[in-house]
file model.tsv (TSV, N, CA and C atoms)
chain	number	residue	atom	x	y	z
A	95	MET	N	-15.79	-12.37	2.21
A	95	MET	CA	-15.27	-11.33	1.34
A	95	MET	C	-15.08	-10.05	2.15
A	96	MET	N	-14.01	-9.33	1.89
A	96	MET	CA	-13.72	-8.10	2.62
A	96	MET	C	-14.55	-6.95	2.09
A	97	GLN	N	-14.83	-5.96	2.95
A	97	GLN	CA	-15.53	-4.77	2.54
A	97	GLN	C	-14.53	-3.66	2.25
A	98	THR	N	-14.95	-2.71	1.42
A	98	THR	CA	-14.11	-1.56	1.15
A	98	THR	C	-14.08	-0.69	2.39
A	99	ILE	N	-12.91	-0.28	2.81
A	99	ILE	CA	-12.75	0.58	3.96
A	99	ILE	C	-12.58	1.99	3.45
A	100	GLN	N	-13.43	2.90	3.91
A	100	GLN	CA	-13.35	4.29	3.50
A	100	GLN	C	-13.59	5.16	4.72
A	101	PRO	N	-12.92	6.30	4.83
A	101	PRO	CA	-13.12	7.16	5.98
A	101	PRO	C	-14.57	7.59	6.10
A	102	ALA	N	-15.04	7.75	7.34
A	102	ALA	CA	-16.42	8.17	7.59
A	102	ALA	C	-16.70	9.49	6.89
A	103	GLY	N	-17.86	9.59	6.27
A	103	GLY	CA	-18.27	10.82	5.63
A	103	GLY	C	-17.67	11.06	4.26
A	104	VAL	N	-16.88	10.12	3.74
A	104	VAL	CA	-16.27	10.30	2.43
A	104	VAL	C	-17.01	9.43	1.43
A	105	THR	N	-17.49	10.05	0.37
A	105	THR	CA	-18.12	9.29	-0.71
A	105	THR	C	-17.36	9.56	-1.99
A	106	ARG	N	-17.34	8.59	-2.87
A	106	ARG	CA	-16.60	8.71	-4.13
A	106	ARG	C	-17.59	9.02	-5.24
A	107	SER	N	-17.45	10.20	-5.85
A	107	SER	CA	-18.34	10.59	-6.93
A	107	SER	C	-17.71	10.38	-8.30
A	108	THR	N	-16.41	10.12	-8.34
A	108	THR	CA	-15.73	9.87	-9.60
A	108	THR	C	-15.10	8.48	-9.56
A	109	PRO	N	-14.96	7.86	-10.72
A	109	PRO	CA	-14.32	6.53	-10.74
A	109	PRO	C	-12.86	6.62	-10.32
A	110	ARG	N	-12.33	5.53	-9.84
A	110	ARG	CA	-10.93	5.47	-9.45
A	110	ARG	C	-10.04	5.63	-10.66
A	111	GLN	N	-8.87	6.23	-10.45
A	111	GLN	CA	-7.92	6.44	-11.53
A	111	GLN	C	-7.31	5.11	-11.97
A	112	TYR	N	-7.08	4.19	-11.02
A	112	TYR	CA	-6.44	2.91	-11.33
A	112	TYR	C	-7.38	1.77	-10.94
A	113	PRO	N	-7.51	0.74	-11.78
A	113	PRO	CA	-8.28	-0.44	-11.38
A	113	PRO	C	-7.67	-1.04	-10.12
A	114	ARG	N	-8.50	-1.61	-9.29
A	114	ARG	CA	-8.07	-2.11	-7.98
A	114	ARG	C	-8.59	-3.52	-7.80
A	115	VAL	N	-7.80	-4.38	-7.15
A	115	VAL	CA	-8.26	-5.72	-6.81
A	115	VAL	C	-8.27	-5.88	-5.30
A	116	ARG	N	-9.31	-6.56	-4.82
A	116	ARG	CA	-9.42	-6.90	-3.41
A	116	ARG	C	-8.58	-8.13	-3.17
A	117	ILE	N	-7.77	-8.12	-2.13
A	117	ILE	CA	-6.92	-9.24	-1.79
A	117	ILE	C	-7.69	-10.12	-0.80
A	118	LEU	N	-8.13	-11.30	-1.26
A	118	LEU	CA	-8.93	-12.17	-0.41
A	118	LEU	C	-8.14	-12.73	0.76
A	119	THR	N	-6.86	-12.98	0.53
A	119	THR	CA	-5.96	-13.40	1.61
A	119	THR	C	-4.89	-12.33	1.71
A	120	PRO	N	-5.06	-11.36	2.64
A	120	PRO	CA	-4.11	-10.25	2.71
A	120	PRO	C	-2.67	-10.73	2.84
A	121	PHE	N	-1.75	-10.02	2.17
A	121	PHE	CA	-0.34	-10.36	2.27
A	121	PHE	C	0.41	-9.27	3.02
A	122	THR	N	1.55	-9.63	3.58
A	122	THR	CA	2.30	-8.70	4.41
A	122	THR	C	3.17	-7.77	3.57
A	123	CYS	N	3.45	-6.64	4.18
A	123	CYS	CA	4.42	-5.71	3.60
A	123	CYS	C	5.16	-5.07	4.76
A	124	SER	N	6.30	-4.50	4.47
A	124	SER	CA	6.99	-3.72	5.50
A	124	SER	C	7.03	-2.28	5.01
A	125	LEU	N	6.98	-1.34	5.95
A	125	LEU	CA	7.01	0.06	5.59
A	125	LEU	C	7.95	0.81	6.51
A	126	SER	N	8.57	1.84	5.94
A	126	SER	CA	9.50	2.68	6.68
A	126	SER	C	9.13	4.13	6.42
A	127	SER	N	9.06	4.93	7.48
A	127	SER	CA	8.78	6.35	7.33
A	127	SER	C	9.97	7.05	6.70
A	128	ILE	N	9.67	7.99	5.81
A	128	ILE	CA	10.71	8.84	5.25
A	128	ILE	C	10.21	10.27	5.33
A	129	GLY	N	11.11	11.21	5.38
A	129	GLY	CA	10.73	12.62	5.45
A	129	GLY	C	11.92	13.47	5.79
A	130	THR	N	11.65	14.68	6.21
A	130	THR	CA	12.71	15.63	6.51
A	130	THR	C	13.64	15.06	7.59
A	131	GLY	N	14.90	15.04	7.28
A	131	GLY	CA	15.89	14.57	8.24
A	131	GLY	C	15.90	13.07	8.45
A	132	TRP	N	15.27	12.31	7.52
A	132	TRP	CA	15.18	10.86	7.73
A	132	TRP	C	16.55	10.20	7.80
A	133	TRP	N	17.56	10.79	7.19
A	133	TRP	CA	18.88	10.16	7.18
A	133	TRP	C	19.54	10.20	8.56
A	134	PHE	N	19.02	11.04	9.48
A	134	PHE	CA	19.56	11.09	10.84
A	134	PHE	C	18.91	10.07	11.76
A	135	ARG	N	17.74	9.59	11.35
A	135	ARG	CA	17.00	8.67	12.21
A	135	ARG	C	17.39	7.24	11.96
A	136	LYS	N	17.24	6.44	12.99
A	136	LYS	CA	17.42	5.00	12.85
A	136	LYS	C	16.26	4.47	12.00
A	137	SER	N	16.55	3.61	11.07
A	137	SER	CA	15.52	3.07	10.20
A	137	SER	C	14.53	2.23	11.02
A	138	VAL	N	13.25	2.54	10.87
A	138	VAL	CA	12.21	1.81	11.58
A	138	VAL	C	11.36	1.08	10.55
A	139	HIS	N	11.22	-0.20	10.71
A	139	HIS	CA	10.41	-1.00	9.80
A	139	HIS	C	9.19	-1.50	10.55
A	140	ASP	N	8.02	-1.16	10.04
A	140	ASP	CA	6.76	-1.65	10.58
A	140	ASP	C	6.17	-2.64	9.59
A	141	VAL	N	5.21	-3.41	10.05
A	141	VAL	CA	4.58	-4.42	9.21
A	141	VAL	C	3.12	-4.05	9.01
A	142	GLY	N	2.61	-4.35	7.83
A	142	GLY	CA	1.20	-4.12	7.52
A	142	GLY	C	0.65	-5.27	6.71
A	143	LEU	N	-0.68	-5.30	6.59
A	143	LEU	CA	-1.37	-6.28	5.75
A	143	LEU	C	-2.05	-5.54	4.63
A	144	VAL	N	-1.78	-5.94	3.39
A	144	VAL	CA	-2.39	-5.31	2.22
A	144	VAL	C	-3.75	-5.95	1.98
A	145	HIS	N	-4.79	-5.09	1.88
A	145	HIS	CA	-6.16	-5.58	1.69
A	145	HIS	C	-6.68	-5.33	0.28
A	146	ASP	N	-6.22	-4.27	-0.38
A	146	ASP	CA	-6.50	-4.09	-1.80
A	146	ASP	C	-5.33	-3.38	-2.44
A	147	LEU	N	-5.23	-3.54	-3.76
A	147	LEU	CA	-4.03	-3.13	-4.47
A	147	LEU	C	-4.37	-2.61	-5.85
A	148	SER	N	-3.66	-1.58	-6.27
A	148	SER	CA	-3.69	-1.11	-7.65
A	148	SER	C	-2.27	-0.75	-8.04
A	149	THR	N	-2.05	-0.39	-9.30
A	149	THR	CA	-0.72	0.03	-9.70
A	149	THR	C	-0.41	1.43	-9.19
A	150	GLY	N	-1.41	2.12	-8.65
A	150	GLY	CA	-1.20	3.47	-8.14
A	150	GLY	C	-1.25	3.59	-6.64
A	151	GLY	N	-1.56	2.50	-5.92
A	151	GLY	CA	-1.64	2.59	-4.47
A	151	GLY	C	-2.22	1.34	-3.85
A	152	LEU	N	-2.51	1.42	-2.55
A	152	LEU	CA	-3.05	0.27	-1.84
A	152	LEU	C	-3.76	0.70	-0.57
A	153	CYS	N	-4.49	-0.22	0.00
A	153	CYS	CA	-5.09	-0.05	1.32
A	153	CYS	C	-4.46	-1.10	2.20
A	154	LEU	N	-3.95	-0.66	3.36
A	154	LEU	CA	-3.34	-1.61	4.29
A	154	LEU	C	-3.80	-1.34	5.70
A	155	SER	N	-3.69	-2.37	6.53
A	155	SER	CA	-3.92	-2.20	7.96
A	155	SER	C	-2.57	-2.35	8.65
A	156	THR	N	-2.34	-1.46	9.61
A	156	THR	CA	-1.07	-1.48	10.33
A	156	THR	C	-1.22	-0.73	11.65
A	157	ASP	N	-0.38	-1.07	12.60
A	157	ASP	CA	-0.31	-0.32	13.85
A	157	ASP	C	0.78	0.74	13.80
A	158	ALA	N	1.43	0.89	12.63
A	158	ALA	CA	2.48	1.90	12.47
A	158	ALA	C	1.90	3.28	12.74
A	159	ARG	N	2.72	4.15	13.26
A	159	ARG	CA	2.28	5.52	13.55
A	159	ARG	C	2.49	6.40	12.33
A	160	ILE	N	1.58	6.25	11.37
A	160	ILE	CA	1.62	7.07	10.17
A	160	ILE	C	0.30	7.82	10.05
A	161	GLU	N	0.36	9.01	9.49
A	161	GLU	CA	-0.80	9.88	9.37
A	161	GLU	C	-0.89	10.41	7.94
A	162	PRO	N	-2.08	10.88	7.52
A	162	PRO	CA	-2.19	11.48	6.19
A	162	PRO	C	-1.13	12.57	5.99
A	163	GLY	N	-0.51	12.52	4.82
A	163	GLY	CA	0.57	13.44	4.49
A	163	GLY	C	1.95	12.86	4.69
A	164	ASP	N	2.08	11.80	5.52
A	164	ASP	CA	3.37	11.15	5.74
A	164	ASP	C	3.80	10.43	4.47
A	165	GLN	N	5.12	10.35	4.28
A	165	GLN	CA	5.68	9.59	3.18
A	165	GLN	C	6.37	8.35	3.73
A	166	VAL	N	6.16	7.23	3.04
A	166	VAL	CA	6.75	5.96	3.46
A	166	VAL	C	7.33	5.25	2.25
A	167	SER	N	8.25	4.33	2.51
A	167	SER	CA	8.70	3.40	1.48
A	167	SER	C	8.12	2.04	1.85
A	168	LEU	N	7.86	1.23	0.84
A	168	LEU	CA	7.20	-0.07	1.06
A	168	LEU	C	7.99	-1.19	0.42
A	169	THR	N	7.95	-2.35	1.06
A	169	THR	CA	8.45	-3.58	0.49
A	169	THR	C	7.28	-4.56	0.48
A	170	LEU	N	6.84	-4.94	-0.72
A	170	LEU	CA	5.67	-5.81	-0.87
A	170	LEU	C	6.13	-7.21	-1.24
A	171	ARG	N	5.67	-8.20	-0.51
A	171	ARG	CA	5.99	-9.60	-0.81
A	171	ARG	C	4.79	-10.17	-1.56
A	172	LEU	N	4.79	-10.00	-2.89
A	172	LEU	CA	3.64	-10.40	-3.71
A	172	LEU	C	3.48	-11.91	-3.76
A	173	THR	N	4.59	-12.63	-3.92
A	173	THR	CA	4.56	-14.10	-3.90
A	173	THR	C	5.77	-14.58	-3.13
A	174	LYS	N	5.68	-15.80	-2.65
A	174	LYS	CA	6.80	-16.36	-1.89
A	174	LYS	C	8.01	-16.64	-2.77
A	175	SER	N	7.78	-16.92	-4.05
A	175	SER	CA	8.88	-17.32	-4.92
A	175	SER	C	9.60	-16.14	-5.59
A	176	ALA	N	8.98	-14.97	-5.62
A	176	ALA	CA	9.58	-13.82	-6.30
A	176	ALA	C	10.21	-12.87	-5.27
A	177	PRO	N	11.22	-12.11	-5.69
A	177	PRO	CA	11.80	-11.13	-4.77
A	177	PRO	C	10.77	-10.04	-4.45
A	178	PRO	N	10.92	-9.37	-3.32
A	178	PRO	CA	9.96	-8.33	-2.94
A	178	PRO	C	9.94	-7.18	-3.95
A	179	ALA	N	8.78	-6.54	-4.06
A	179	ALA	CA	8.62	-5.35	-4.91
A	179	ALA	C	8.82	-4.13	-4.02
A	180	GLU	N	9.70	-3.22	-4.45
A	180	GLU	CA	10.04	-2.04	-3.65
A	180	GLU	C	9.33	-0.80	-4.22
A	181	VAL	N	8.54	-0.13	-3.39
A	181	VAL	CA	7.94	1.15	-3.74
A	181	VAL	C	8.76	2.20	-3.01
A	182	ALA	N	9.45	3.04	-3.78
A	182	ALA	CA	10.38	4.00	-3.19
A	182	ALA	C	9.66	5.02	-2.32
A	183	VAL	N	8.53	5.57	-2.81
A	183	VAL	CA	7.80	6.58	-2.04
A	183	VAL	C	6.30	6.41	-2.26
A	184	ALA	N	5.58	6.38	-1.16
A	184	ALA	CA	4.11	6.40	-1.17
A	184	ALA	C	3.67	7.42	-0.13
A	185	ILE	N	2.58	8.13	-0.41
A	185	ILE	CA	2.06	9.11	0.53
A	185	ILE	C	0.78	8.57	1.15
A	186	VAL	N	0.64	8.78	2.45
A	186	VAL	CA	-0.57	8.36	3.16
A	186	VAL	C	-1.66	9.38	2.83
A	187	CYS	N	-2.73	8.91	2.18
A	187	CYS	CA	-3.83	9.80	1.76
A	187	CYS	C	-4.93	9.90	2.79
A	188	TRP	N	-5.23	8.80	3.45
A	188	TRP	CA	-6.28	8.80	4.46
A	188	TRP	C	-6.01	7.73	5.50
A	189	ARG	N	-6.71	7.88	6.62
A	189	ARG	CA	-6.60	6.92	7.70
A	189	ARG	C	-7.97	6.76	8.34
A	190	TYR	N	-8.35	5.53	8.63
A	190	TYR	CA	-9.56	5.23	9.38
A	190	TYR	C	-9.23	4.08	10.31
A	191	GLN	N	-9.13	4.39	11.61
A	191	GLN	CA	-8.68	3.44	12.62
A	191	GLN	C	-7.32	2.89	12.21
A	192	GLN	N	-7.16	1.57	12.04
A	192	GLN	CA	-5.85	1.03	11.67
A	192	GLN	C	-5.69	0.88	10.16
A	193	PHE	N	-6.67	1.30	9.37
A	193	PHE	CA	-6.59	1.20	7.91
A	193	PHE	C	-6.05	2.50	7.33
A	194	HIS	N	-5.22	2.37	6.29
A	194	HIS	CA	-4.59	3.52	5.64
A	194	HIS	C	-4.65	3.35	4.13
A	195	GLY	N	-4.93	4.44	3.44
A	195	GLY	CA	-4.87	4.46	1.98
A	195	GLY	C	-3.59	5.15	1.56
A	196	LEU	N	-2.80	4.49	0.74
A	196	LEU	CA	-1.53	5.04	0.28
A	196	LEU	C	-1.53	5.17	-1.24
A	197	ALA	N	-1.00	6.28	-1.73
A	197	ALA	CA	-0.82	6.50	-3.17
A	197	ALA	C	0.66	6.43	-3.47
A	198	PHE	N	1.02	5.64	-4.48
A	198	PHE	CA	2.42	5.54	-4.88
A	198	PHE	C	2.82	6.82	-5.62
A	199	THR	N	3.91	7.44	-5.20
A	199	THR	CA	4.39	8.63	-5.88
A	199	THR	C	5.70	8.38	-6.61
A	200	ARG	N	6.42	7.33	-6.22
A	200	ARG	CA	7.66	6.98	-6.93
A	200	ARG	C	7.81	5.46	-6.91
A	201	VAL	N	7.63	4.87	-8.09
A	201	VAL	CA	7.74	3.42	-8.25
A	201	VAL	C	8.35	3.15	-9.62
A	202	SER	N	9.23	2.18	-9.70
A	202	SER	CA	9.90	1.88	-10.97
A	202	SER	C	8.92	1.24	-11.95
A	203	GLU	N	9.26	1.32	-13.23
A	203	GLU	CA	8.43	0.69	-14.26
A	203	GLU	C	8.38	-0.82	-14.07
A	204	ALA	N	9.50	-1.41	-13.66
A	204	ALA	CA	9.54	-2.86	-13.45
A	204	ALA	C	8.58	-3.27	-12.33
A	205	VAL	N	8.56	-2.53	-11.24
A	205	VAL	CA	7.65	-2.85	-10.13
A	205	VAL	C	6.22	-2.60	-10.56
A	206	SER	N	5.97	-1.54	-11.31
A	206	SER	CA	4.62	-1.26	-11.79
A	206	SER	C	4.12	-2.42	-12.66
A	207	ARG	N	4.99	-2.96	-13.50
A	207	ARG	CA	4.63	-4.13	-14.33
A	207	ARG	C	4.32	-5.34	-13.46
A	208	ARG	N	5.16	-5.56	-12.44
A	208	ARG	CA	4.93	-6.71	-11.54
A	208	ARG	C	3.61	-6.58	-10.81
A	209	LEU	N	3.27	-5.35	-10.38
A	209	LEU	CA	1.98	-5.13	-9.71
A	209	LEU	C	0.83	-5.44	-10.65
A	210	ALA	N	0.92	-4.98	-11.89
A	210	ALA	CA	-0.13	-5.25	-12.88
A	210	ALA	C	-0.27	-6.75	-13.14
A	211	GLU	N	0.85	-7.46	-13.26
A	211	GLU	CA	0.81	-8.90	-13.47
A	211	GLU	C	0.17	-9.61	-12.28
A	212	TYR	N	0.53	-9.17	-11.06
A	212	TYR	CA	-0.05	-9.77	-9.86
A	212	TYR	C	-1.56	-9.52	-9.82
A	213	MET	N	-1.96	-8.29	-10.15
A	213	MET	CA	-3.39	-7.97	-10.15
A	213	MET	C	-4.15	-8.81	-11.18
A	214	ASN	N	-3.58	-8.97	-12.39
A	214	ASN	CA	-4.23	-9.79	-13.42
A	214	ASN	C	-4.37	-11.22	-12.94
A	215	ALA	N	-3.34	-11.79	-12.35
A	215	ALA	CA	-3.39	-13.17	-11.85
A	215	ALA	C	-4.40	-13.30	-10.72
A	216	THR	N	-4.43	-12.33	-9.82
A	216	THR	CA	-5.36	-12.36	-8.68
A	216	THR	C	-6.80	-12.23	-9.17
A	217	GLY	N	-7.03	-11.34	-10.15
A	217	GLY	CA	-8.38	-11.14	-10.70
A	217	GLY	C	-8.91	-12.40	-11.36
A	218	GLU	N	-8.04	-13.18	-11.99
A	218	GLU	CA	-8.44	-14.41	-12.66
A	218	GLU	C	-8.84	-15.49	-11.66
A	219	GLU	N	-8.26	-15.44	-10.44
A	219	GLU	CA	-8.55	-16.47	-9.44
A	219	GLU	C	-9.92	-16.28	-8.81
A	220	GLU	N	-10.44	-15.03	-8.79
A	220	GLU	CA	-11.70	-14.75	-8.07
A	220	GLU	C	-12.89	-15.37	-8.73

call {"tool": "encode", "arguments": {"input": "model.tsv", "output": "structure tokens"}}
result
Amino acid sequence: MMQTIQPAGVTRSTPRQYPRVRILTPFTCSLSSIGTGWWFRKSVHDVGLVHDLSTGGLCLSTDARIEPGDQVSLTLRLTKSAPPAEVAVAIVCWRYQQFHGLAFTRVSEAVSRRLAEYMNATGEEE
């Protein structure tokens, strides 16, 4: 079983805003940096592994060069048979080594529903 990854010296005194599920078999996602002047840059797609997920964000491991405050777009491959779920904008909230916590700031209702369905199915399997 995976452990919760949290930055050193950070403790949580309040409950999480969104229920979260631990992904026992991490799944891949691709991420692209967005920000000021992004339309002038060549699109760069990095790969990450999702370790836990909620409808409001996720924890992933990646070698991508992203830092707290950066904005990224995500493509999540929740299942092999369904099309990928697109998160238009997520902000990097924290980083600890190669682990990053991201909060979704712009996601469609349809994708939010798919995330909730995936979490319910995953929670039932545990």

call {"tool": "closest_residue", "arguments": {"input": "model.tsv", "among": "A:Leu143, A:Ala179, A:Val186, A:Thr119", "to": "Arg207 of chain A", "atoms": "only C-alpha atoms"}}
result
A:Ala179

call {"tool": "residues_near_point", "arguments": {"input": "model.tsv", "point": "(8.1, -7.2, 2.5)", "cutoff": "6 Å", "atoms": "only C-alpha atoms", "output": "list in words"}}
result
Cys123, Ser124, Thr169, Leu170, Arg171 and Pro178 of chain A

call {"tool": "residues_near_point", "arguments": {"input": "model.tsv", "point": "(0.8, -6.6, 9.0)", "cutoff": "7 Å", "atoms": "all atoms listed in the file", "output": "PDB file with N, CA and C atoms, keeping the file's coordinate frame"}}
result
ATOM      1  N   PHE A 121      -1.750 -10.020   2.170  1.00  0.00           N
ATOM      2  CA  PHE A 121      -0.340 -10.360   2.270  1.00  0.00           C
ATOM      3  C   PHE A 121       0.410  -9.270   3.020  1.00  0.00           C
ATOM      4  N   THR A 122       1.550  -9.630   3.580  1.00  0.00           N
ATOM      5  CA  THR A 122       2.300  -8.700   4.410  1.00  0.00           C
ATOM      6  C   THR A 122       3.170  -7.770   3.570  1.00  0.00           C
ATOM      7  N   CYS A 123       3.450  -6.640   4.180  1.00  0.00           N
ATOM      8  CA  CYS A 123       4.420  -5.710   3.600  1.00  0.00           C
ATOM      9  C   CYS A 123       5.160  -5.070   4.760  1.00  0.00           C
ATOM     10  N   ASP A 140       8.020  -1.160  10.040  1.00  0.00           N
ATOM     11  CA  ASP A 140       6.760  -1.650  10.580  1.00  0.00           C
ATOM     12  C   ASP A 140       6.170  -2.640   9.590  1.00  0.00           C
ATOM     13  N   VAL A 141       5.210  -3.410  10.050  1.00  0.00           N
ATOM     14  CA  VAL A 141       4.580  -4.420   9.210  1.00  0.00           C
ATOM     15  C   VAL A 141       3.120  -4.050   9.010  1.00  0.00           C
ATOM     16  N   GLY A 142       2.610  -4.350   7.830  1.00  0.00           N
ATOM     17  CA  GLY A 142       1.200  -4.120   7.520  1.00  0.00           C
ATOM     18  C   GLY A 142       0.650  -5.270   6.710  1.00  0.00           C
ATOM     19  N   LEU A 143      -0.680  -5.300   6.590  1.00  0.00           N
ATOM     20  CA  LEU A 143      -1.370  -6.280   5.750  1.00  0.00           C
ATOM     21  C   LEU A 143      -2.050  -5.540   4.630  1.00  0.00           C
ATOM     22  N   VAL A 144      -1.780  -5.940   3.390  1.00  0.00           N
ATOM     23  CA  VAL A 144      -2.390  -5.310   2.220  1.00  0.00           C
ATOM     24  C   VAL A 144      -3.750  -5.950   1.980  1.00  0.00           C
ATOM     25  N   SER A 155      -3.690  -2.370   6.530  1.00  0.00           N
ATOM     26  CA  SER A 155      -3.920  -2.200   7.960  1.00  0.00           C
ATOM     27  C   SER A 155      -2.570  -2.350   8.650  1.00  0.00           C
ATOM     28  N   THR A 156      -2.340  -1.460   9.610  1.00  0.00           N
ATOM     29  CA  THR A 156      -1.070  -1.480  10.330  1.00  0.00           C
ATOM     30  C   THR A 156      -1.220  -0.730  11.650  1.00  0.00           C
ATOM     31  N   ASP A 157      -0.380  -1.070  12.600  1.00  0.00           N
ATOM     32  CA  ASP A 157      -0.310  -0.320  13.850  1.00  0.00           C
ATOM     33  C   ASP A 157       0.780   0.740  13.800  1.00  0.00           C
TER      34      ASP A 157
END

call {"tool": "atom_distance", "arguments": {"input": "model.tsv", "atom1": "atom CA of Pro120 of chain A", "atom2": "atom CA of Cys153 of chain A"}}
result
10.3 Å

call {"tool": "build_atoms", "arguments": {"input": "model.tsv", "residues": "segment 150-164 of chain A", "atoms": "N, CA, C and O atoms", "output": "PDB file, keeping the file's coordinate frame"}}
result
ATOM      1  N   GLY A 150      -1.410   2.120  -8.650  1.00  0.00           N
ATOM      2  CA  GLY A 150      -1.200   3.470  -8.140  1.00  0.00           C
ATOM      3  C   GLY A 150      -1.250   3.590  -6.640  1.00  0.00           C
ATOM      4  O   GLY A 150      -1.015   4.676  -6.097  1.00  0.00           O
ATOM      5  N   GLY A 151      -1.560   2.500  -5.920  1.00  0.00           N
ATOM      6  CA  GLY A 151      -1.640   2.590  -4.470  1.00  0.00           C
ATOM      7  C   GLY A 151      -2.220   1.340  -3.850  1.00  0.00           C
ATOM      8  O   GLY A 151      -2.411   0.326  -4.518  1.00  0.00           O
ATOM      9  N   LEU A 152      -2.510   1.420  -2.550  1.00  0.00           N
ATOM     10  CA  LEU A 152      -3.050   0.270  -1.840  1.00  0.00           C
ATOM     11  C   LEU A 152      -3.760   0.700  -0.570  1.00  0.00           C
ATOM     12  O   LEU A 152      -3.643   1.850  -0.131  1.00  0.00           O
ATOM     13  N   CYS A 153      -4.490  -0.220   0.000  1.00  0.00           N
ATOM     14  CA  CYS A 153      -5.090  -0.050   1.320  1.00  0.00           C
ATOM     15  C   CYS A 153      -4.460  -1.100   2.200  1.00  0.00           C
ATOM     16  O   CYS A 153      -4.401  -2.272   1.849  1.00  0.00           O
ATOM     17  N   LEU A 154      -3.950  -0.660   3.360  1.00  0.00           N
ATOM     18  CA  LEU A 154      -3.340  -1.610   4.290  1.00  0.00           C
ATOM     19  C   LEU A 154      -3.800  -1.340   5.700  1.00  0.00           C
ATOM     20  O   LEU A 154      -4.262  -0.253   6.028  1.00  0.00           O
ATOM     21  N   SER A 155      -3.690  -2.370   6.530  1.00  0.00           N
ATOM     22  CA  SER A 155      -3.920  -2.200   7.960  1.00  0.00           C
ATOM     23  C   SER A 155      -2.570  -2.350   8.650  1.00  0.00           C
ATOM     24  O   SER A 155      -1.770  -3.201   8.289  1.00  0.00           O
ATOM     25  N   THR A 156      -2.340  -1.460   9.610  1.00  0.00           N
ATOM     26  CA  THR A 156      -1.070  -1.480  10.330  1.00  0.00           C
ATOM     27  C   THR A 156      -1.220  -0.730  11.650  1.00  0.00           C
ATOM     28  O   THR A 156      -2.096   0.131  11.779  1.00  0.00           O
ATOM     29  N   ASP A 157      -0.380  -1.070  12.600  1.00  0.00           N
ATOM     30  CA  ASP A 157      -0.310  -0.320  13.850  1.00  0.00           C
ATOM     31  C   ASP A 157       0.780   0.740  13.800  1.00  0.00           C
ATOM     32  O   ASP A 157       1.048   1.420  14.780  1.00  0.00           O
ATOM     33  N   ALA A 158       1.430   0.890  12.630  1.00  0.00           N
ATOM     34  CA  ALA A 158       2.480   1.900  12.470  1.00  0.00           C
ATOM     35  C   ALA A 158       1.900   3.280  12.740  1.00  0.00           C
ATOM     36  O   ALA A 158       0.735   3.544  12.448  1.00  0.00           O
ATOM     37  N   ARG A 159       2.720   4.150  13.260  1.00  0.00           N
ATOM     38  CA  ARG A 159       2.280   5.520  13.550  1.00  0.00           C
ATOM     39  C   ARG A 159       2.490   6.400  12.330  1.00  0.00           C
ATOM     40  O   ARG A 159       3.445   7.165  12.267  1.00  0.00           O
ATOM     41  N   ILE A 160       1.580   6.250  11.370  1.00  0.00           N
ATOM     42  CA  ILE A 160       1.620   7.070  10.170  1.00  0.00           C
ATOM     43  C   ILE A 160       0.300   7.820  10.050  1.00  0.00           C
ATOM     44  O   ILE A 160      -0.744   7.329  10.481  1.00  0.00           O
ATOM     45  N   GLU A 161       0.360   9.010   9.490  1.00  0.00           N
ATOM     46  CA  GLU A 161      -0.800   9.880   9.370  1.00  0.00           C
ATOM     47  C   GLU A 161      -0.890  10.410   7.940  1.00  0.00           C
ATOM     48  O   GLU A 161       0.105  10.423   7.217  1.00  0.00           O
ATOM     49  N   PRO A 162      -2.080  10.880   7.520  1.00  0.00           N
ATOM     50  CA  PRO A 162      -2.190  11.480   6.190  1.00  0.00           C
ATOM     51  C   PRO A 162      -1.130  12.570   5.990  1.00  0.00           C
ATOM     52  O   PRO A 162      -0.867  13.375   6.873  1.00  0.00           O
ATOM     53  N   GLY A 163      -0.510  12.520   4.820  1.00  0.00           N
ATOM     54  CA  GLY A 163       0.570  13.440   4.490  1.00  0.00           C
ATOM     55  C   GLY A 163       1.950  12.860   4.690  1.00  0.00           C
ATOM     56  O   GLY A 163       2.919  13.323   4.099  1.00  0.00           O
ATOM     57  N   ASP A 164       2.080  11.800   5.520  1.00  0.00           N
ATOM     58  CA  ASP A 164       3.370  11.150   5.740  1.00  0.00           C
ATOM     59  C   ASP A 164       3.800  10.430   4.470  1.00  0.00           C
ATOM     60  O   ASP A 164       2.977   9.951   3.691  1.00  0.00           O
TER      61      ASP A 164
END
